[in-house]
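Containing mmCIF, C-alpha atoms: structure.cif.
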data_run
loop_
_atom_site.label_atom_id
_atom_site.label_comp_id
_atom_site.auth_asym_id
_atom_site.auth_seq_id
_atom_site.Cartn_x
_atom_site.Cartn_y
_atom_site.Cartn_z
CA MET I 230 -2.20 -2.35 -25.83
CA ALA I 231 -2.73 -4.45 -22.70
CA GLU I 232 -5.51 -3.41 -20.34
CA PRO I 233 -4.15 -1.65 -17.23
CA LEU I 234 -4.19 -3.68 -14.03
CA ILE I 235 -5.53 -0.68 -12.09
CA GLU I 236 -7.45 2.23 -13.55
CA VAL I 237 -8.34 5.20 -11.35
CA ASP I 238 -10.90 7.39 -13.08
CA SER I 239 -11.94 10.86 -11.83
CA LEU I 240 -12.02 10.01 -8.12
CA HIS I 241 -13.67 12.51 -5.81
CA LYS I 242 -13.85 12.18 -2.03
CA LYS I 243 -14.98 14.75 0.52
CA PHE I 244 -14.93 14.54 4.31
CA THR I 245 -16.85 16.70 6.74
CA THR I 246 -14.97 17.77 9.84
CA GLY I 247 -16.49 19.09 13.07
CA SER I 248 -19.31 17.77 15.22
CA TRP I 249 -22.84 18.67 16.29
CA PRO I 250 -24.11 21.27 17.02
CA ARG I 251 -21.57 23.05 14.84
CA ARG I 252 -21.96 22.73 11.11
CA GLY I 253 -19.25 20.51 9.65
CA THR I 254 -16.61 21.93 7.35
CA PRO I 255 -16.19 20.01 4.07
CA THR I 256 -12.65 19.00 3.20
CA VAL I 257 -11.82 17.76 -0.28
CA ALA I 258 -9.50 14.76 0.01
CA LEU I 259 -9.57 13.65 -3.64
CA ASP I 260 -10.33 15.95 -6.54
CA ALA I 261 -10.64 14.35 -9.99
CA VAL I 262 -7.74 11.93 -9.50
CA SER I 263 -7.04 9.77 -12.56
CA PHE I 264 -4.15 7.47 -13.50
CA GLN I 265 -3.40 3.93 -14.62
CA VAL I 266 -1.04 1.25 -13.36
CA SER I 267 0.20 -1.62 -15.51
CA ALA I 268 0.98 -5.08 -14.17
CA GLY I 269 4.47 -5.27 -12.72
CA GLU I 270 4.89 -1.51 -12.22
CA SER I 271 6.11 0.13 -9.02
CA VAL I 272 4.37 3.48 -8.66
CA GLY I 273 5.17 5.90 -5.87
CA ILE I 274 2.77 8.50 -4.49
CA VAL I 275 4.27 11.49 -2.68
CA GLY I 276 2.96 14.71 -1.20
CA GLU I 277 2.63 16.67 1.98
CA SER I 278 0.54 15.53 4.93
CA GLY I 279 -3.11 16.04 4.00
CA SER I 280 -2.51 15.85 0.26
CA GLY I 281 -4.85 12.84 -0.10
CA LYS I 282 -2.29 10.02 -0.36
CA SER I 283 -3.79 7.72 2.29
CA THR I 284 -7.36 8.42 1.19
CA LEU I 285 -6.35 7.39 -2.31
CA ALA I 286 -4.75 4.19 -0.99
CA ASN I 287 -7.84 3.30 1.06
CA THR I 288 -10.11 3.94 -1.92
CA ILE I 289 -8.05 1.76 -4.26
CA CYS I 290 -8.16 -1.07 -1.71
CA GLY I 291 -11.92 -0.76 -1.29
CA LEU I 292 -11.68 0.47 2.32
CA SER I 293 -13.17 3.87 1.48
CA LYS I 294 -15.92 4.55 -1.04
CA PRO I 295 -15.52 7.55 -3.36
CA ASP I 296 -18.22 10.17 -3.74
CA ALA I 297 -17.73 10.05 -7.51
CA GLY I 298 -15.47 8.32 -9.99
CA ARG I 299 -14.39 4.73 -10.05
CA VAL I 300 -11.52 2.31 -9.45
CA LEU I 301 -11.18 -0.58 -11.87
CA VAL I 302 -9.05 -3.62 -11.08
CA LYS I 303 -8.60 -5.94 -14.04
CA GLY I 304 -11.54 -4.16 -15.66
CA GLN I 305 -13.94 -4.58 -12.73
CA ARG I 306 -15.10 -1.85 -10.38
CA ILE I 307 -13.76 -2.23 -6.85
CA HIS I 308 -16.87 -0.55 -5.35
CA ALA I 309 -19.54 -2.33 -7.37
CA GLY I 310 -21.47 -3.72 -4.40
CA ARG I 311 -23.41 -6.92 -4.99
CA GLY I 312 -22.15 -9.09 -7.79
CA PHE I 313 -18.57 -7.93 -7.37
CA ASP I 314 -15.97 -10.65 -7.91
CA ARG I 315 -14.32 -11.06 -4.51
CA ASN I 316 -11.22 -12.47 -6.19
CA VAL I 317 -10.62 -9.07 -7.75
CA TRP I 318 -10.83 -7.45 -4.31
CA ARG I 319 -8.45 -10.09 -3.00
CA SER I 320 -5.92 -9.21 -5.68
CA VAL I 321 -5.24 -5.80 -4.06
CA GLN I 322 -3.84 -5.95 -0.53
CA MET I 323 -2.79 -3.21 1.88
CA VAL I 324 0.27 -3.13 4.11
CA PHE I 325 -0.47 -0.50 6.74
CA GLN I 326 1.88 1.97 8.38
CA ASP I 327 1.42 0.70 11.93
CA PRO I 328 1.59 -3.09 12.32
CA TYR I 329 0.93 -2.78 16.06
CA THR I 330 -2.65 -1.73 15.35
CA SER I 331 -3.26 -3.66 12.11
CA LEU I 332 -2.44 -7.14 13.49
CA ASN I 333 -4.78 -8.96 15.89
CA PRO I 334 -3.05 -8.93 19.32
CA ALA I 335 -4.92 -12.05 20.44
CA MET I 336 -3.55 -14.25 17.64
CA THR I 337 -0.09 -15.64 17.01
CA ILE I 338 1.73 -14.54 13.87
CA GLU I 339 1.24 -17.98 12.35
CA GLU I 340 -2.49 -17.82 13.06
CA ILE I 341 -2.68 -14.35 11.49
CA VAL I 342 -1.17 -15.70 8.26
CA THR I 343 -3.10 -18.98 8.41
CA GLU I 344 -6.52 -17.32 8.66
CA PRO I 345 -6.62 -15.79 5.12
CA LEU I 346 -5.29 -19.04 3.66
CA ARG I 347 -8.27 -20.90 5.11
CA LEU I 348 -10.81 -18.20 4.24
CA TRP I 349 -9.69 -17.46 0.68
CA HIS I 350 -8.04 -20.68 -0.46
CA ARG I 351 -10.21 -23.10 1.52
CA MET I 352 -7.18 -24.96 2.83
CA SER I 353 -7.38 -27.47 5.64
CA VAL I 354 -5.81 -26.51 8.96
CA THR I 355 -2.73 -28.62 8.25
CA GLU I 356 -2.32 -27.27 4.69
CA ALA I 357 -2.76 -23.69 5.84
CA GLN I 358 -0.23 -24.05 8.66
CA GLU I 359 2.35 -25.54 6.32
CA ARG I 360 1.81 -22.81 3.73
CA ALA I 361 1.89 -20.10 6.43
CA ARG I 362 5.30 -21.31 7.59
CA GLU I 363 6.56 -21.17 4.01
CA ILE I 364 5.34 -17.58 3.63
CA LEU I 365 6.82 -16.54 6.97
CA ASP I 366 10.13 -18.06 5.95
CA ARG I 367 9.91 -16.17 2.65
CA VAL I 368 9.70 -12.85 4.49
CA GLY I 369 12.49 -13.78 6.89
CA LEU I 370 10.54 -14.95 9.95
CA THR I 371 11.37 -18.25 11.67
CA PRO I 372 8.82 -20.79 12.97
CA THR I 373 9.71 -19.63 16.49
CA VAL I 374 8.63 -16.08 15.63
CA GLY I 375 5.43 -17.49 14.15
CA GLY I 376 4.47 -18.79 17.56
CA HIS I 377 4.58 -15.34 19.18
CA ARG I 378 1.80 -12.79 19.48
CA PRO I 379 2.41 -9.32 18.01
CA ARG I 380 3.26 -7.66 21.33
CA GLY I 381 6.35 -9.87 21.66
CA LEU I 382 7.95 -8.80 18.35
CA SER I 383 9.99 -5.86 17.12
CA GLY I 384 8.65 -3.30 14.64
CA GLY I 385 10.62 -4.85 11.79
CA GLN I 386 9.35 -8.34 12.57
CA LEU I 387 5.79 -7.06 12.73
CA GLN I 388 6.07 -5.33 9.36
CA ARG I 389 7.41 -8.57 7.87
CA ALA I 390 4.39 -10.32 9.38
CA SER I 391 2.09 -7.71 7.81
CA ILE I 392 3.64 -8.38 4.42
CA ALA I 393 3.27 -12.13 4.98
CA ARG I 394 -0.42 -11.72 5.80
CA ALA I 395 -0.93 -9.73 2.60
CA LEU I 396 0.93 -12.35 0.55
CA ALA I 397 -1.19 -15.16 1.99
CA VAL I 398 -4.10 -14.38 -0.34
CA SER I 399 -1.85 -14.38 -3.44
CA PRO I 400 -2.37 -10.74 -4.42
CA GLU I 401 -1.26 -9.09 -7.63
CA VAL I 402 -0.94 -5.63 -6.07
CA LEU I 403 0.49 -4.48 -2.74
CA VAL I 404 -0.48 -1.00 -1.59
CA LEU I 405 2.07 0.12 0.99
CA ASP I 406 0.99 3.16 2.98
CA GLU I 407 4.06 4.63 4.74
CA SER I 408 4.98 1.05 5.57
CA VAL I 409 8.58 1.76 6.64
CA SER I 410 8.23 5.28 8.03
CA ALA I 411 7.97 4.14 11.66
CA LEU I 412 11.09 1.94 11.47
CA ASP I 413 14.67 2.93 12.14
CA VAL I 414 16.98 3.32 9.18
CA SER I 415 18.65 -0.10 9.35
CA VAL I 416 15.32 -1.93 9.63
CA GLN I 417 13.89 0.21 6.82
CA ALA I 418 16.72 -0.98 4.57
CA GLN I 419 15.95 -4.62 5.39
CA ILE I 420 12.23 -4.25 4.62
CA LEU I 421 12.92 -2.38 1.40
CA GLU I 422 15.35 -5.09 0.30
CA LEU I 423 12.63 -7.66 1.03
CA LEU I 424 10.18 -5.71 -1.14
CA LEU I 425 12.70 -5.57 -3.99
CA GLU I 426 13.33 -9.33 -3.69
CA LEU I 427 9.60 -10.10 -3.75
CA LYS I 428 9.24 -7.89 -6.80
CA ARG I 429 12.02 -9.71 -8.64
CA ASP I 430 10.75 -13.16 -7.67
CA THR I 431 6.99 -12.73 -8.09
CA GLY I 432 6.39 -9.75 -10.38
CA LEU I 433 4.14 -8.02 -7.85
CA THR I 434 2.78 -4.58 -8.65
CA TYR I 435 3.46 -1.92 -6.00
CA LEU I 436 1.71 1.30 -5.07
CA LEU I 437 4.06 2.84 -2.52
CA ILE I 438 2.98 5.86 -0.51
CA SER I 439 5.77 7.63 1.33
CA HIS I 440 7.00 11.06 2.37
CA ASP I 441 10.57 9.74 2.10
CA ILE I 442 11.84 10.60 -1.37
CA SER I 443 14.84 8.26 -1.07
CA VAL I 444 12.50 5.32 -0.44
CA ILE I 445 10.38 6.22 -3.47
CA ARG I 446 13.42 6.56 -5.72
CA LEU I 447 14.81 3.20 -4.56
CA VAL I 448 11.66 1.12 -5.07
CA CYS I 449 9.60 2.91 -7.72
CA THR I 450 9.98 3.61 -11.42
CA ARG I 451 7.13 6.12 -11.75
CA VAL I 452 5.91 8.77 -9.33
CA LEU I 453 2.67 10.70 -8.80
CA VAL I 454 2.92 13.96 -6.86
CA MET I 455 -0.23 14.96 -4.96
CA ARG I 456 -1.32 18.33 -3.61
CA HIS I 457 -4.72 19.26 -2.14
CA GLY I 458 -6.27 16.03 -3.42
CA GLN I 459 -4.99 16.36 -6.97
CA VAL I 460 -2.19 14.75 -8.94
CA VAL I 461 -0.15 17.77 -9.98
CA GLU I 462 2.74 15.93 -11.62
CA GLU I 463 3.63 12.50 -12.95
CA CYS I 464 7.25 11.66 -13.69
CA THR I 465 9.84 8.92 -13.61
CA ALA I 466 11.63 8.29 -10.34
CA GLN I 467 14.86 9.30 -12.07
CA ASN I 468 13.42 12.77 -12.72
CA LEU I 469 12.14 13.19 -9.17
CA THR I 470 14.67 15.92 -8.41
CA PRO I 471 14.35 19.70 -8.05
CA GLU I 472 16.07 20.04 -11.44
CA GLY I 473 13.99 17.37 -13.21
CA ALA I 474 10.55 18.31 -11.86
CA GLU I 475 8.21 20.38 -14.03
CA HIS I 476 5.65 21.60 -11.48
CA GLU I 477 6.63 24.38 -9.10
CA TYR I 478 5.05 22.56 -6.14
CA THR I 479 7.14 19.46 -6.86
CA ARG I 480 10.30 21.54 -6.97
CA ARG I 481 9.45 23.18 -3.64
CA LEU I 482 8.60 19.82 -2.09
CA LEU I 483 11.86 18.26 -3.22
CA SER I 484 13.97 21.26 -2.29
CA ALA I 485 12.71 20.97 1.30
CA VAL I 486 13.76 17.32 1.60
CA PRO I 487 17.36 16.06 1.49
CA LEU I 488 17.79 13.46 -1.27
CA LEU I 489 19.80 10.63 0.25
CA SER I 490 21.92 8.47 -2.02
CA THR I 491 20.42 5.07 -2.76
CA GLN I 492 23.50 3.69 -4.44
CA GLY I 493 25.50 0.78 -3.08
CA GLY I 494 23.33 -0.25 -0.18
#
As structure tokens, how would this structure be written, given the file I've shared?
Amino acid sequence: MAEPLIEVDSLHKKFTTGSWPRRGTPTVALDAVSFQVSAGESVGIVGESGSGKSTLANTICGLSKPDAGRVLVKGQRIHAGRGFDRNVWRSVQMVFQDPYTSLNPAMTIEEIVTEPLRLWHRMSVTEAQERAREILDRVGLTPTVGGHRPRGLSGGQLQRASIARALAVSPEVLVLDESVSALDVSVQAQILELLLELKRDTGLTYLLISHDISVIRLVCTRVLVMRHGQVVEECTAQNLTPEGAEHEYTRRLLSAVPLLSTQGG
């Protein structure tokens, strides 16, 4: 059996809320979370606000260090400190929910995509600019848009730029944390279609975090349901219905959300 691309093993993460002089209150964000993701999979993560979804995403990407447990990417620990292969870290990239705050407002879109090409791939300025334009074209942004700073673009254009920046380092995994939730429905559909096209063309692996069940069912084949920092159910996207779910929490969660049709559009 092939080694999993990502292996999450008994992750624990606790935050302390409150400030001095009051004693902080510990909040468990991740509680013994374990699962595996194979290359080419699209795995959705759903749950209520505060269930630990974003903490899990940040930990997998190396942006947050767990208190216990480990994340392995291609067999190497993502939080290994010195001696860690930076190319493994590079292989997992995040697309954040809010592109307005995740893109440098002082740089043009082309510069934002060019920078990782120069840092990671050691390209010359000319090579990086040419490659950046190819990537921007791949995500549906014209050279004219590449010359603008983030404040001059729409939300949909900015999210395309965020995807382009992530693609610039040639990742194997994209972690998308509520990446279409702030967009209107028509723009959401365009971004989701882009993600499906990239998946077909490149074989990328997706970890998609969303509260929108219709988005999960459209993009993902397997789903993890989180509650209070734990994975309480794992199922196929096809079975992500009140009738198909096994855990009572999953059934309640799904019953509270209208399941929109994802057929034909």
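With only C-alpha atoms taken into account, the protein and nucleic acid residues at most 9 Å from segment 349-363 of chain I (excluding it and anything under 5 positions from it in its own chain) are Asn316, Arg319, Glu339, Glu340, Ile341, Val342, Thr343, Glu344, Val368, Leu370, Thr371, Pro372, Gly375, Ala393, Arg394, Ala397 and Val398 of chain I.
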Starting from the displayed file, determine the output of the PyMOL selection byres ((chain I and resi 235) around 8) and express the residue list as an MDAnalysis selection string.
chainID I and resid 233:234 236:237 265:267 300:304
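For the file shown, the residue list from the PyMOL selection byres ((chain I and resi 330) around 12) reads Val324, Phe325, Gln326, Asp327, Pro328, Tyr329, Ser331, Leu332, Asn333, Pro334, Ala335, Pro379, Arg380, Gly384, Leu387, Gln388 and Ser391 of chain I.
If you look at atom CA of Tyr478 of chain I and atom CA of Thr254 of chain I, they are 25.5 Å away from each other.
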Please check which residues have atoms at most 12 Å from (4.0, -10.5, -0.5) in the file's coordinates, counting all atoms listed in the file, and write them as a ChimeraX atom specification.
/I:320-324,342,363-369,388-405,420,423-435
The selected residues should be written to file as a PDB file, keeping the file's coordinate frame (atoms: C-alpha atoms).
ATOM      1  CA  SER I 320      -5.920  -9.210  -5.680  1.00  0.00           C
ATOM      2  CA  VAL I 321      -5.240  -5.800  -4.060  1.00  0.00           C
ATOM      3  CA  GLN I 322      -3.840  -5.950  -0.530  1.00  0.00           C
ATOM      4  CA  MET I 323      -2.790  -3.210   1.880  1.00  0.00           C
ATOM      5  CA  VAL I 324       0.270  -3.130   4.110  1.00  0.00           C
ATOM      6  CA  VAL I 342      -1.170 -15.700   8.260  1.00  0.00           C
ATOM      7  CA  GLU I 363       6.560 -21.170   4.010  1.00  0.00           C
ATOM      8  CA  ILE I 364       5.340 -17.580   3.630  1.00  0.00           C
ATOM      9  CA  LEU I 365       6.820 -16.540   6.970  1.00  0.00           C
ATOM     10  CA  ASP I 366      10.130 -18.060   5.950  1.00  0.00           C
ATOM     11  CA  ARG I 367       9.910 -16.170   2.650  1.00  0.00           C
ATOM     12  CA  VAL I 368       9.700 -12.850   4.490  1.00  0.00           C
ATOM     13  CA  GLY I 369      12.490 -13.780   6.890  1.00  0.00           C
ATOM     14  CA  GLN I 388       6.070  -5.330   9.360  1.00  0.00           C
ATOM     15  CA  ARG I 389       7.410  -8.570   7.870  1.00  0.00           C
ATOM     16  CA  ALA I 390       4.390 -10.320   9.380  1.00  0.00           C
ATOM     17  CA  SER I 391       2.090  -7.710   7.810  1.00  0.00           C
ATOM     18  CA  ILE I 392       3.640  -8.380   4.420  1.00  0.00           C
ATOM     19  CA  ALA I 393       3.270 -12.130   4.980  1.00  0.00           C
ATOM     20  CA  ARG I 394      -0.420 -11.720   5.800  1.00  0.00           C
ATOM     21  CA  ALA I 395      -0.930  -9.730   2.600  1.00  0.00           C
ATOM     22  CA  LEU I 396       0.930 -12.350   0.550  1.00  0.00           C
ATOM     23  CA  ALA I 397      -1.190 -15.160   1.990  1.00  0.00           C
ATOM     24  CA  VAL I 398      -4.100 -14.380  -0.340  1.00  0.00           C
ATOM     25  CA  SER I 399      -1.850 -14.380  -3.440  1.00  0.00           C
ATOM     26  CA  PRO I 400      -2.370 -10.740  -4.420  1.00  0.00           C
ATOM     27  CA  GLU I 401      -1.260  -9.090  -7.630  1.00  0.00           C
ATOM     28  CA  VAL I 402      -0.940  -5.630  -6.070  1.00  0.00           C
ATOM     29  CA  LEU I 403       0.490  -4.480  -2.740  1.00  0.00           C
ATOM     30  CA  VAL I 404      -0.480  -1.000  -1.590  1.00  0.00           C
ATOM     31  CA  LEU I 405       2.070   0.120   0.990  1.00  0.00           C
ATOM     32  CA  ILE I 420      12.230  -4.250   4.620  1.00  0.00           C
ATOM     33  CA  LEU I 423      12.630  -7.660   1.030  1.00  0.00           C
ATOM     34  CA  LEU I 424      10.180  -5.710  -1.140  1.00  0.00           C
ATOM     35  CA  LEU I 425      12.700  -5.570  -3.990  1.00  0.00           C
ATOM     36  CA  GLU I 426      13.330  -9.330  -3.690  1.00  0.00           C
ATOM     37  CA  LEU I 427       9.600 -10.100  -3.750  1.00  0.00           C
ATOM     38  CA  LYS I 428       9.240  -7.890  -6.800  1.00  0.00           C
ATOM     39  CA  ARG I 429      12.020  -9.710  -8.640  1.00  0.00           C
ATOM     40  CA  ASP I 430      10.750 -13.160  -7.670  1.00  0.00           C
ATOM     41  CA  THR I 431       6.990 -12.730  -8.090  1.00  0.00           C
ATOM     42  CA  GLY I 432       6.390  -9.750 -10.380  1.00  0.00           C
ATOM     43  CA  LEU I 433       4.140  -8.020  -7.850  1.00  0.00           C
ATOM     44  CA  THR I 434       2.780  -4.580  -8.650  1.00  0.00           C
ATOM     45  CA  TYR I 435       3.460  -1.920  -6.000  1.00  0.00           C
TER      46      TYR I 435
END
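Distance annotation: of I:Val416, I:Ile445, I:Ile274, I:Leu285, the residue with the minimal separation from Leu240 of chain I is I:Leu285; atom set is only C-alpha atoms.
Atom pair atom CA of Gly279 of chain I / atom CA of Asn468 of chain I: separated by 23.7 Å.
Residues surrounding Ile438 of chain I within 7 Å are Gly273, Ile274, Val275, Lys282, Leu405, Asp406 and Glu407 of chain I [all atoms listed in the file; sequence separation below 4 positions excluded].
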Take the residues from that selection and put them in a file with C-alpha atoms, as a PDB file, in the frame of the given file.
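out_18.pdb, freshly written:
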ATOM      1  CA  GLY I 273       5.170   5.900  -5.870  1.00  0.00           C
ATOM      2  CA  ILE I 274       2.770   8.500  -4.490  1.00  0.00           C
ATOM      3  CA  VAL I 275       4.270  11.490  -2.680  1.00  0.00           C
ATOM      4  CA  LYS I 282      -2.290  10.020  -0.360  1.00  0.00           C
ATOM      5  CA  LEU I 405       2.070   0.120   0.990  1.00  0.00           C
ATOM      6  CA  ASP I 406       0.990   3.160   2.980  1.00  0.00           C
ATOM      7  CA  GLU I 407       4.060   4.630   4.740  1.00  0.00           C
TER       8      GLU I 407
END
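Picture a line from atom CA of Asp238 of chain I to atom CA of Gly458 of chain I; it runs 13.8 Å.
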